[in-house]
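Here's entry-v3.cif, which has mmCIF, C-alpha atoms:
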data_model
#
loop_
_atom_site.label_atom_id
_atom_site.label_comp_id
_atom_site.auth_asym_id
_atom_site.auth_seq_id
_atom_site.Cartn_x
_atom_site.Cartn_y
_atom_site.Cartn_z
CA MET A 23 22.57 58.63 35.82
CA GLU A 24 25.20 58.89 38.56
CA LYS A 25 23.51 56.35 40.86
CA ILE A 26 25.45 53.10 41.26
CA SER A 27 22.29 51.02 40.79
CA ASP A 28 21.53 52.85 37.51
CA ILE A 29 25.06 52.27 36.21
CA LYS A 30 24.82 48.56 37.09
CA LEU A 31 21.50 48.35 35.26
CA VAL A 32 23.01 49.95 32.15
CA GLU A 33 25.94 47.51 32.30
CA LYS A 34 23.44 44.66 32.58
CA LEU A 35 21.54 45.97 29.55
CA VAL A 36 24.71 46.22 27.44
CA SER A 37 25.58 42.63 28.39
CA ALA A 38 21.97 41.51 27.83
CA ARG A 39 21.90 43.15 24.39
CA LYS A 40 24.87 41.03 23.26
CA SER A 41 23.20 37.92 24.68
CA ILE A 42 19.85 38.80 23.07
CA ILE A 43 21.54 39.12 19.66
CA GLU A 44 23.37 35.80 20.23
CA GLN A 45 20.09 34.06 21.12
CA LEU A 46 18.24 35.63 18.18
CA SER A 47 20.99 34.59 15.76
CA LYS A 48 20.18 30.95 16.62
CA VAL A 49 16.75 31.45 15.06
CA ILE A 50 16.94 34.55 12.84
CA VAL A 51 19.52 34.91 10.08
CA GLY A 52 20.86 38.44 9.48
CA GLN A 53 18.48 41.40 10.05
CA GLN A 54 20.94 43.04 12.49
CA GLU A 55 19.65 46.55 11.81
CA VAL A 56 16.03 45.43 12.31
CA ILE A 57 16.91 43.77 15.65
CA ASP A 58 18.73 46.91 16.83
CA GLN A 59 15.74 49.09 15.91
CA LEU A 60 13.30 46.80 17.74
CA LEU A 61 15.43 46.90 20.91
CA ILE A 62 15.85 50.70 20.72
CA SER A 63 12.08 51.06 20.37
CA LEU A 64 11.29 48.62 23.19
CA PHE A 65 13.54 50.35 25.74
CA ALA A 66 12.33 53.80 24.61
CA LYS A 67 8.76 52.58 25.32
CA GLY A 68 7.67 53.01 21.69
CA HIS A 69 5.66 50.94 19.21
CA CYS A 70 6.82 49.79 15.77
CA LEU A 71 5.24 49.55 12.35
CA ILE A 72 7.04 46.78 10.46
CA VAL A 73 6.88 46.86 6.66
CA GLY A 74 8.00 43.86 4.63
CA VAL A 75 6.78 41.30 2.11
CA PRO A 76 5.50 37.90 3.36
CA GLY A 77 7.99 35.21 4.35
CA LEU A 78 10.68 37.42 5.89
CA ALA A 79 10.26 35.94 9.42
CA LYS A 80 8.50 38.95 10.95
CA THR A 81 6.30 36.79 13.20
CA LEU A 82 9.17 34.47 14.13
CA LEU A 83 11.41 37.42 15.04
CA ILE A 84 8.78 39.03 17.29
CA SER A 85 7.75 35.80 19.05
CA THR A 86 11.43 34.93 19.65
CA VAL A 87 12.08 38.37 21.16
CA SER A 88 9.16 37.80 23.57
CA GLN A 89 10.64 34.43 24.62
CA ILE A 90 14.09 35.91 25.23
CA LEU A 91 12.62 38.78 27.26
CA ASP A 92 10.27 36.41 29.15
CA LEU A 93 7.20 38.42 28.12
CA GLN A 94 3.67 37.31 27.29
CA PHE A 95 3.18 37.28 23.51
CA SER A 96 -0.12 37.68 21.64
CA ARG A 97 -0.76 37.63 17.89
CA ILE A 98 -3.81 39.29 16.33
CA GLN A 99 -4.52 38.54 12.68
CA PHE A 100 -6.29 41.58 11.28
CA THR A 101 -9.08 40.81 8.80
CA PRO A 102 -11.93 42.90 7.27
CA ASP A 103 -14.48 41.33 9.66
CA LEU A 104 -12.46 41.84 12.86
CA MET A 105 -14.38 43.84 15.48
CA PRO A 106 -12.94 46.15 18.19
CA SER A 107 -14.20 43.74 20.89
CA ASP A 108 -12.14 40.96 19.26
CA ILE A 109 -9.08 42.96 20.28
CA THR A 110 -10.02 44.58 23.59
CA GLY A 111 -12.30 41.90 25.02
CA THR A 112 -16.00 41.82 25.82
CA GLU A 113 -18.47 41.44 28.67
CA VAL A 114 -20.38 38.17 28.90
CA ILE A 115 -23.32 37.23 31.11
CA GLN A 116 -22.35 34.76 33.81
CA GLU A 117 -24.83 32.86 35.98
CA ASN A 118 -24.12 31.89 39.59
CA ILE A 119 -25.16 28.22 39.79
CA SER A 120 -26.00 28.32 43.53
CA THR A 121 -28.04 31.55 43.58
CA GLY A 122 -29.21 31.78 39.99
CA GLU A 123 -28.08 35.41 39.86
CA ARG A 124 -26.70 36.73 36.60
CA SER A 125 -23.87 39.24 36.30
CA PHE A 126 -21.52 40.60 33.66
CA LYS A 127 -17.94 39.37 33.55
CA PHE A 128 -15.21 40.98 31.46
CA VAL A 129 -13.32 38.50 29.28
CA LYS A 130 -9.95 39.97 28.28
CA GLY A 131 -9.02 40.17 24.61
CA PRO A 132 -5.62 39.39 23.06
CA VAL A 133 -4.46 42.99 23.63
CA PHE A 134 -3.86 42.02 27.29
CA ALA A 135 -0.28 40.84 26.75
CA ASN A 136 3.20 42.40 26.88
CA ILE A 137 4.14 42.07 23.20
CA ILE A 138 1.37 42.33 20.61
CA LEU A 139 1.88 41.35 17.00
CA ALA A 140 -0.82 43.15 15.01
CA ASP A 141 -0.49 41.24 11.75
CA GLU A 142 -1.49 43.15 8.58
CA ILE A 143 -3.06 46.07 10.45
CA ASN A 144 -4.13 47.68 7.15
CA ARG A 145 -6.52 44.77 6.40
CA THR A 146 -9.08 45.85 8.99
CA PRO A 147 -11.49 48.86 8.95
CA PRO A 148 -10.59 52.14 10.73
CA LYS A 149 -12.95 51.45 13.67
CA THR A 150 -10.99 48.33 14.59
CA GLN A 151 -7.62 49.95 13.89
CA SER A 152 -8.46 52.78 16.29
CA ALA A 153 -9.28 50.27 19.08
CA LEU A 154 -5.65 49.11 18.96
CA LEU A 155 -4.26 52.63 18.50
CA GLN A 156 -6.15 53.83 21.61
CA SER A 157 -4.54 51.09 23.71
CA MET A 158 -1.11 52.02 22.29
CA GLN A 159 -1.57 55.65 23.30
CA GLU A 160 -3.31 55.28 26.67
CA TYR A 161 -2.14 51.80 27.85
CA LYS A 162 -5.73 50.98 28.82
CA VAL A 163 -9.04 49.96 27.24
CA THR A 164 -12.59 50.98 28.09
CA VAL A 165 -15.39 48.45 27.68
CA ALA A 166 -19.01 49.14 28.76
CA GLY A 167 -17.88 52.18 30.74
CA GLN A 168 -15.24 50.23 32.69
CA THR A 169 -11.54 51.02 32.27
CA HIS A 170 -9.06 48.13 32.26
CA ILE A 171 -5.32 48.77 32.58
CA LEU A 172 -3.05 46.88 30.18
CA PRO A 173 -0.01 44.94 31.48
CA SER A 174 3.44 46.56 31.59
CA PRO A 175 5.63 46.61 29.63
CA PHE A 176 3.33 46.98 26.62
CA PHE A 177 4.86 46.85 23.15
CA VAL A 178 2.89 46.78 19.87
CA LEU A 179 4.47 45.66 16.60
CA ALA A 180 2.11 46.13 13.68
CA THR A 181 2.96 44.68 10.27
CA GLN A 182 2.00 45.90 6.81
CA ASN A 183 2.44 44.13 3.51
CA PRO A 184 3.66 46.72 0.96
CA ILE A 185 2.71 44.73 -2.16
CA GLU A 186 -0.95 43.79 -1.65
CA GLN A 187 -3.08 46.92 -1.53
CA GLU A 188 -6.46 45.59 -2.74
CA GLY A 189 -9.06 45.43 0.02
CA THR A 190 -6.86 47.31 2.50
CA TYR A 191 -7.49 50.31 4.72
CA PRO A 192 -4.27 52.36 4.80
CA LEU A 193 -3.53 53.99 8.14
CA PRO A 194 -4.14 57.78 8.06
CA GLU A 195 -1.08 59.98 8.56
CA ALA A 196 -2.27 61.04 12.05
CA GLN A 197 -2.40 57.39 13.13
CA LEU A 198 0.91 56.52 11.50
CA ASP A 199 2.45 59.28 13.62
CA ARG A 200 1.64 57.26 16.76
CA PHE A 201 4.21 54.65 15.77
CA PHE A 202 7.63 55.38 17.25
CA PHE A 203 9.51 53.66 14.40
CA GLN A 204 8.75 52.35 10.93
CA VAL A 205 11.05 49.36 10.55
CA ASN A 206 11.62 48.13 6.99
CA ILE A 207 12.54 44.45 6.51
CA ASP A 208 14.21 43.65 3.21
CA TYR A 209 15.07 40.42 1.40
CA PRO A 210 18.09 38.46 2.71
CA SER A 211 21.32 38.22 0.74
CA ASN A 212 22.06 35.00 -1.18
CA LYS A 213 24.42 33.86 1.58
CA GLU A 214 21.81 34.55 4.28
CA GLU A 215 19.09 32.80 2.27
CA LYS A 216 21.28 29.69 1.99
CA GLU A 217 21.76 29.73 5.78
CA ILE A 218 17.98 30.14 6.29
CA ILE A 219 17.33 27.06 4.13
CA LEU A 220 19.90 24.97 6.03
CA LYS A 221 18.46 26.04 9.40
CA THR A 222 14.79 25.59 8.63
CA THR A 223 14.57 22.46 6.49
CA GLY A 224 16.11 20.02 8.98
CA ILE A 225 14.58 18.20 11.96
CA SER A 226 16.43 19.93 14.82
CA SER A 227 14.51 22.41 16.99
CA ILE A 228 16.19 25.46 18.46
CA GLU A 229 15.53 26.69 21.99
CA VAL A 230 16.33 30.18 23.28
CA LYS A 231 16.97 31.31 26.87
CA SER A 232 15.12 34.05 28.77
CA LEU A 233 17.48 36.89 29.64
CA LEU A 234 15.41 39.75 31.12
CA ASN A 235 12.10 39.80 32.97
CA SER A 236 9.33 42.42 32.87
CA ASP A 237 10.48 44.22 36.06
CA GLU A 238 14.02 44.62 34.69
CA ILE A 239 12.68 45.90 31.36
CA LEU A 240 10.51 48.50 33.15
CA ALA A 241 13.53 49.62 35.21
CA LEU A 242 15.63 49.95 32.04
CA GLN A 243 12.88 51.97 30.34
CA GLU A 244 13.11 54.40 33.27
CA ILE A 245 16.91 54.56 32.93
CA VAL A 246 16.56 55.59 29.27
CA ARG A 247 14.49 58.62 30.34
CA LYS A 248 17.27 59.72 32.72
CA VAL A 249 19.98 59.93 30.03
CA PRO A 250 21.09 63.58 29.67
CA VAL A 251 20.88 65.40 26.33
CA SER A 252 22.84 68.56 25.58
CA ASP A 253 21.24 71.73 24.16
CA TYR A 254 23.52 71.24 21.15
CA VAL A 255 21.88 67.87 20.31
CA ILE A 256 18.36 69.20 20.99
CA ASP A 257 19.00 72.20 18.69
CA TYR A 258 20.22 69.82 15.98
CA VAL A 259 17.03 67.71 16.32
CA VAL A 260 14.77 70.79 16.17
CA LYS A 261 16.60 72.07 13.09
CA LEU A 262 16.42 68.65 11.39
CA VAL A 263 12.68 68.21 11.97
CA SER A 264 11.68 71.80 11.21
CA GLU A 265 13.49 71.58 7.86
CA THR A 266 11.13 68.76 6.81
CA ARG A 267 8.18 71.21 6.82
CA PRO A 268 7.81 72.85 3.38
CA LYS A 269 6.35 76.12 4.75
CA ASN A 270 9.34 76.72 7.05
CA SER A 271 12.09 74.90 5.17
CA SER A 272 15.03 76.66 3.53
CA LEU A 273 15.69 73.58 1.38
CA ASP A 274 14.45 73.54 -2.23
CA PHE A 275 14.16 69.73 -2.44
CA ILE A 276 11.85 69.67 0.63
CA LYS A 277 9.55 72.28 -0.96
CA LYS A 278 9.63 70.37 -4.22
CA TRP A 279 8.90 66.84 -2.91
CA ILE A 280 7.04 67.10 0.42
CA ASN A 281 3.43 68.09 1.17
CA TRP A 282 3.63 67.77 4.96
CA GLY A 283 6.67 67.34 7.16
CA ALA A 284 7.19 65.76 10.57
CA GLY A 285 5.50 67.17 13.69
CA PRO A 286 6.81 67.70 17.24
CA ARG A 287 6.30 64.02 18.09
CA ALA A 288 9.13 63.25 15.64
CA SER A 289 11.47 65.51 17.64
CA GLN A 290 10.48 63.80 20.89
CA ASN A 291 10.98 60.36 19.37
CA LEU A 292 14.38 61.26 17.91
CA ILE A 293 15.60 62.27 21.37
CA LEU A 294 14.11 59.18 23.09
CA ALA A 295 15.49 56.86 20.40
CA GLY A 296 18.89 58.57 20.73
CA LYS A 297 18.81 58.01 24.51
CA SER A 298 17.86 54.35 24.07
CA ARG A 299 20.61 53.76 21.49
CA ALA A 300 23.20 55.42 23.73
CA VAL A 301 22.22 53.27 26.75
CA LEU A 302 22.21 50.06 24.68
CA GLU A 303 25.79 50.86 23.67
CA GLY A 304 26.80 51.62 27.27
CA ARG A 305 27.07 55.39 26.89
CA TYR A 306 25.57 57.97 29.26
CA ALA A 307 24.90 60.84 26.86
CA VAL A 308 23.27 61.24 23.44
CA SER A 309 25.41 62.18 20.44
CA THR A 310 24.41 63.61 17.05
CA GLU A 311 25.55 60.27 15.56
CA ASP A 312 22.78 58.57 17.58
CA ILE A 313 20.26 61.03 16.12
CA MET A 314 21.46 60.52 12.55
CA THR A 315 21.25 56.72 12.93
CA VAL A 316 17.66 56.71 14.25
CA ALA A 317 16.46 59.44 11.84
CA TYR A 318 15.43 56.89 9.19
CA PRO A 319 12.98 54.79 11.26
CA VAL A 320 11.64 57.90 13.05
CA LEU A 321 11.03 60.04 9.94
CA ARG A 322 10.25 57.64 7.06
CA HIS A 323 6.52 57.32 7.91
CA ARG A 324 6.12 60.97 8.91
CA LEU A 325 6.99 62.58 5.56
CA LEU A 326 4.00 62.95 3.25
CA LEU A 327 5.38 63.05 -0.29
CA ASN A 328 3.60 64.94 -3.08
CA TYR A 329 2.82 63.93 -6.68
CA THR A 330 6.08 65.39 -7.97
CA ALA A 331 8.11 63.04 -5.74
CA GLU A 332 5.97 60.06 -6.79
CA ALA A 333 6.30 60.95 -10.48
CA GLU A 334 10.09 61.21 -10.15
CA GLY A 335 10.31 57.95 -8.15
CA ILE A 336 11.64 59.71 -5.06
CA THR A 337 11.25 57.83 -1.73
CA SER A 338 11.18 59.15 1.84
CA GLU A 339 14.43 57.19 2.39
CA GLN A 340 16.20 59.25 -0.29
CA ILE A 341 14.84 62.50 1.14
CA ILE A 342 16.05 61.65 4.67
CA LYS A 343 19.51 60.78 3.30
CA LYS A 344 19.67 64.11 1.45
CA LEU A 345 18.41 65.94 4.56
CA LEU A 346 21.09 64.40 6.79
CA GLU A 347 23.79 65.26 4.23
CA THR A 348 22.55 68.88 4.06
CA ILE A 349 21.80 69.55 7.76
CA THR A 350 25.07 68.49 9.34
CA PRO A 351 26.04 69.01 13.01
CA LYS A 352 28.21 72.10 13.40
#
File written out as structure tokens:
Amino acid sequence: MEKISDIKLVEKLVSARKSIIEQLSKVIVGQQEVIDQLLISLFAKGHCLIVGVPGLAKTLLISTVSQILDLQFSRIQFTPDLMPSDITGTEVIQENISTGERSFKFVKGPVFANIILADEINRTPPKTQSALLQSMQEYKVTVAGQTHILPSPFFVLATQNPIEQEGTYPLPEAQLDRFFFQVNIDYPSNKEEKEIILKTTGISSIEVKSLLNSDEILALQEIVRKVPVSDYVIDYVVKLVSETRPKNSSLDFIKKWINWGAGPRASQNLILAGKSRAVLEGRYAVSTEDIMTVAYPVLRHRLLLNYTAEAEGITSEQIIKKLLETITPK
């Protein structure tokens, strides 16, 4: 982190973050926490699962972010009849007009973009879900034995509708774990809703400026990895995550309400998210405050609650809050 070029890049990111929020506020009303979590995830090179009811501007937010960051945006509407090839692409037979020879040509699918909006990912069968999840994990797709590298940066934002569960295919816990963050979008306040109405029911169109390009984003993702983390913070993360596992936990409420806790990937993501948050705020080291702030989006989809918790109306959000209050930094 001591390199002059690295420090200048961090300064640029801090400045760009303010500008990104200013540009987004032209289009999106409120949702400051959601925007912060998306930016933390992007620069930590992670993917997001976004949970919210229809009409909360999820698509608008994501497409606007891609415009501001000058990235190629692609939207995939997941439906029960969507096939894996509809995502990854397929090979078609092409005929050479002059020679009459036929050959296969690979036609890229919508996954070949920088920012992918996977809309209502739980509406499509597991076979199609796994085609997207493979590309998220490996940053490449294999079609007819040929491997095709996906563009960089590559950022997947999958949405789920929490109220319509008929005809859906919920993501298994092992696949949920591949998402860096679960970002929850809630209803706007009355004041924000009034502002939304005023902004969206007139005739004026709003334009946003591009602030960062793909090369700068890739450089900033590398900077995030270089941020130092003390043993003290790492020990705190390990303690926090291990206490979510009922077999090892010393906490009665964890044993009472949780079937399965978070795995090692949660610890890795807490550290990476902490690094990204620190850099976005212009700091060169991770604090326990960073970890406590990102604990909610990192852990909320990694805690498998049991029937007792469901019967008592306990949510993962409440458990994380209680965990953070109990396991405090020394």
Quiz prompt | Distance of atom CA of A:Ile342 from atom CA of A:Pro148, expressed in Å to one decimal place | solution =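 Going from atom CA of A:Pro148 over to atom CA of A:Ile342, I get 28.9 Å.
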Quiz item: Quick one: which residues end up in the PyMOL selection byres ((chain A and resi 304) around 12) for this structure, as a ChimeraX atom specification?
Solution: /A:23,28-40,245-246,249,297-303,305-308
Exercise. Might you pull out every residue within 7 Å of A:Asn328, with all atoms listed in the file counted and same-chain residues fewer than 6 positions away left off, and present them as a list of chain:residue names?
Key: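 Contacts, with the query itself left out: A:Trp279, A:Ile280, A:Asn281.
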With a cut-off of 9 Å, could you pull out the residues of stretch 227-331 of chain A touching stretch 162-185 of chain A and give me the nearest pair of atoms for each, distance in Å to one decimal, using all atoms listed in the file, ordered by chain and ascending number, as CSV?
residue,atom,partner,partner_atom,distance
A:Ser236,CA,A:Pro175,CA,6.5
A:Asp237,CA,A:Pro175,CA,8.4
A:Ile239,CA,A:Pro175,CA,7.3
A:Leu240,CA,A:Pro175,CA,6.3
Got a sec: who's within 8 Å of stretch 195-204 of chain A, counting all atoms listed in the file, leaving out chain neighbours fewer than 5 positions off, as a short mmCIF file (atom, residue, chain, number, x, y, z; two decimals) with C-alpha atoms, in the frame of the given file?
data_model
loop_
_atom_site.label_atom_id
_atom_site.label_comp_id
_atom_site.auth_asym_id
_atom_site.auth_seq_id
_atom_site.Cartn_x
_atom_site.Cartn_y
_atom_site.Cartn_z
CA GLN A 59 15.74 49.09 15.91
CA SER A 63 12.08 51.06 20.37
CA GLY A 68 7.67 53.01 21.69
CA HIS A 69 5.66 50.94 19.21
CA CYS A 70 6.82 49.79 15.77
CA LEU A 71 5.24 49.55 12.35
CA ILE A 72 7.04 46.78 10.46
CA VAL A 73 6.88 46.86 6.66
CA LEU A 155 -4.26 52.63 18.50
CA GLN A 159 -1.57 55.65 23.30
CA ARG A 287 6.30 64.02 18.09
CA ASN A 291 10.98 60.36 19.37
CA PRO A 319 12.98 54.79 11.26
CA VAL A 320 11.64 57.90 13.05
CA LEU A 321 11.03 60.04 9.94
CA ARG A 322 10.25 57.64 7.06
CA HIS A 323 6.52 57.32 7.91
CA ARG A 324 6.12 60.97 8.91
CA LEU A 326 4.00 62.95 3.25
#
Practice problem: Evaluate the PyMOL selection byres ((chain A and resi 125) around 6) and record the selected residues as a PyMOL selection string, following the chain and residue labels used in the document. | Solution: chain A and resi 115-116+124+126
Next, write the just-selected residues to a file, as an mmCIF file, in the coordinates of the input, keeping C-alpha atoms as the atom set.
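And here's result-v7.cif as it stands now:
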data_model
loop_
_atom_site.group_PDB
_atom_site.id
_atom_site.type_symbol
_atom_site.label_atom_id
_atom_site.label_comp_id
_atom_site.auth_asym_id
_atom_site.auth_seq_id
_atom_site.Cartn_x
_atom_site.Cartn_y
_atom_site.Cartn_z
ATOM 1 C CA ILE A 115 -23.320 37.230 31.110
ATOM 2 C CA GLN A 116 -22.350 34.760 33.810
ATOM 3 C CA ARG A 124 -26.700 36.730 36.600
ATOM 4 C CA PHE A 126 -21.520 40.600 33.660
#
Missing atoms of stretch 123-150 of chain A rebuilt to N, CA and C atoms, written as a PDB file, keeping the file's coordinate frame:
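Listed below is the output, result-v9.pdb:
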ATOM      1  N   GLU A 123     -28.269  33.997  40.231  1.00  0.00           N
ATOM      2  CA  GLU A 123     -28.080  35.410  39.860  1.00  0.00           C
ATOM      3  C   GLU A 123     -27.183  35.507  38.623  1.00  0.00           C
ATOM      4  N   ARG A 124     -27.501  36.498  37.802  1.00  0.00           N
ATOM      5  CA  ARG A 124     -26.700  36.730  36.600  1.00  0.00           C
ATOM      6  C   ARG A 124     -25.918  38.037  36.733  1.00  0.00           C
ATOM      7  N   SER A 125     -24.694  38.026  36.250  1.00  0.00           N
ATOM      8  CA  SER A 125     -23.870  39.240  36.300  1.00  0.00           C
ATOM      9  C   SER A 125     -22.959  39.264  35.077  1.00  0.00           C
ATOM     10  N   PHE A 126     -22.445  40.457  34.791  1.00  0.00           N
ATOM     11  CA  PHE A 126     -21.520  40.600  33.660  1.00  0.00           C
ATOM     12  C   PHE A 126     -20.092  40.335  34.120  1.00  0.00           C
ATOM     13  N   LYS A 127     -19.361  39.602  33.288  1.00  0.00           N
ATOM     14  CA  LYS A 127     -17.940  39.370  33.550  1.00  0.00           C
ATOM     15  C   LYS A 127     -17.140  39.791  32.327  1.00  0.00           C
ATOM     16  N   PHE A 128     -16.051  40.529  32.565  1.00  0.00           N
ATOM     17  CA  PHE A 128     -15.210  40.980  31.460  1.00  0.00           C
ATOM     18  C   PHE A 128     -14.225  39.885  31.074  1.00  0.00           C
ATOM     19  N   VAL A 129     -14.264  39.496  29.810  1.00  0.00           N
ATOM     20  CA  VAL A 129     -13.320  38.500  29.280  1.00  0.00           C
ATOM     21  C   VAL A 129     -12.270  39.263  28.468  1.00  0.00           C
ATOM     22  N   LYS A 130     -11.026  39.202  28.917  1.00  0.00           N
ATOM     23  CA  LYS A 130      -9.950  39.970  28.280  1.00  0.00           C
ATOM     24  C   LYS A 130      -9.678  39.496  26.861  1.00  0.00           C
ATOM     25  N   GLY A 131      -9.387  40.465  25.988  1.00  0.00           N
ATOM     26  CA  GLY A 131      -9.020  40.170  24.610  1.00  0.00           C
ATOM     27  C   GLY A 131      -7.524  39.967  24.474  1.00  0.00           C
ATOM     28  N   PRO A 132      -7.047  39.665  23.272  1.00  0.00           N
ATOM     29  CA  PRO A 132      -5.620  39.390  23.060  1.00  0.00           C
ATOM     30  C   PRO A 132      -4.704  40.597  23.282  1.00  0.00           C
ATOM     31  N   VAL A 133      -5.289  41.806  23.391  1.00  0.00           N
ATOM     32  CA  VAL A 133      -4.460  42.990  23.630  1.00  0.00           C
ATOM     33  C   VAL A 133      -3.859  42.983  25.043  1.00  0.00           C
ATOM     34  N   PHE A 134      -4.385  42.124  25.920  1.00  0.00           N
ATOM     35  CA  PHE A 134      -3.860  42.020  27.290  1.00  0.00           C
ATOM     36  C   PHE A 134      -2.656  41.084  27.322  1.00  0.00           C
ATOM     37  N   ALA A 135      -1.564  41.563  26.760  1.00  0.00           N
ATOM     38  CA  ALA A 135      -0.280  40.840  26.750  1.00  0.00           C
ATOM     39  C   ALA A 135       0.819  41.891  26.748  1.00  0.00           C
ATOM     40  N   ASN A 136       2.083  41.448  26.849  1.00  0.00           N
ATOM     41  CA  ASN A 136       3.200  42.400  26.880  1.00  0.00           C
ATOM     42  C   ASN A 136       3.672  42.789  25.478  1.00  0.00           C
ATOM     43  N   ILE A 137       3.748  41.805  24.593  1.00  0.00           N
ATOM     44  CA  ILE A 137       4.140  42.070  23.200  1.00  0.00           C
ATOM     45  C   ILE A 137       2.993  41.642  22.293  1.00  0.00           C
ATOM     46  N   ILE A 138       2.484  42.588  21.516  1.00  0.00           N
ATOM     47  CA  ILE A 138       1.370  42.330  20.610  1.00  0.00           C
ATOM     48  C   ILE A 138       1.862  42.390  19.172  1.00  0.00           C
ATOM     49  N   LEU A 139       1.629  41.321  18.433  1.00  0.00           N
ATOM     50  CA  LEU A 139       1.880  41.350  17.000  1.00  0.00           C
ATOM     51  C   LEU A 139       0.551  41.608  16.302  1.00  0.00           C
ATOM     52  N   ALA A 140       0.392  42.794  15.755  1.00  0.00           N
ATOM     53  CA  ALA A 140      -0.820  43.150  15.010  1.00  0.00           C
ATOM     54  C   ALA A 140      -0.527  42.887  13.532  1.00  0.00           C
ATOM     55  N   ASP A 141      -0.881  41.691  13.087  1.00  0.00           N
ATOM     56  CA  ASP A 141      -0.490  41.240  11.750  1.00  0.00           C
ATOM     57  C   ASP A 141      -1.395  41.831  10.678  1.00  0.00           C
ATOM     58  N   GLU A 142      -0.781  42.512   9.708  1.00  0.00           N
ATOM     59  CA  GLU A 142      -1.490  43.150   8.580  1.00  0.00           C
ATOM     60  C   GLU A 142      -2.588  44.097   9.086  1.00  0.00           C
ATOM     61  N   ILE A 143      -2.150  45.099   9.828  1.00  0.00           N
ATOM     62  CA  ILE A 143      -3.060  46.070  10.450  1.00  0.00           C
ATOM     63  C   ILE A 143      -3.896  46.827   9.421  1.00  0.00           C
ATOM     64  N   ASN A 144      -3.384  46.940   8.194  1.00  0.00           N
ATOM     65  CA  ASN A 144      -4.130  47.680   7.150  1.00  0.00           C
ATOM     66  C   ASN A 144      -5.200  46.828   6.471  1.00  0.00           C
ATOM     67  N   ARG A 145      -5.456  45.608   6.964  1.00  0.00           N
ATOM     68  CA  ARG A 145      -6.520  44.770   6.400  1.00  0.00           C
ATOM     69  C   ARG A 145      -7.844  44.928   7.130  1.00  0.00           C
ATOM     70  N   THR A 146      -7.857  45.716   8.195  1.00  0.00           N
ATOM     71  CA  THR A 146      -9.080  45.850   8.990  1.00  0.00           C
ATOM     72  C   THR A 146      -9.607  47.285   8.921  1.00  0.00           C
ATOM     73  N   PRO A 147     -10.936  47.503   9.055  1.00  0.00           N
ATOM     74  CA  PRO A 147     -11.490  48.860   8.950  1.00  0.00           C
ATOM     75  C   PRO A 147     -10.990  49.814  10.038  1.00  0.00           C
ATOM     76  N   PRO A 148     -11.096  51.131   9.785  1.00  0.00           N
ATOM     77  CA  PRO A 148     -10.590  52.140  10.730  1.00  0.00           C
ATOM     78  C   PRO A 148     -11.112  52.009  12.153  1.00  0.00           C
ATOM     79  N   LYS A 149     -12.365  51.588  12.323  1.00  0.00           N
ATOM     80  CA  LYS A 149     -12.950  51.450  13.670  1.00  0.00           C
ATOM     81  C   LYS A 149     -12.154  50.453  14.509  1.00  0.00           C
ATOM     82  N   THR A 150     -11.754  49.357  13.889  1.00  0.00           N
ATOM     83  CA  THR A 150     -10.990  48.330  14.590  1.00  0.00           C
ATOM     84  C   THR A 150      -9.539  48.760  14.772  1.00  0.00           C
TER      85      THR A 150
END
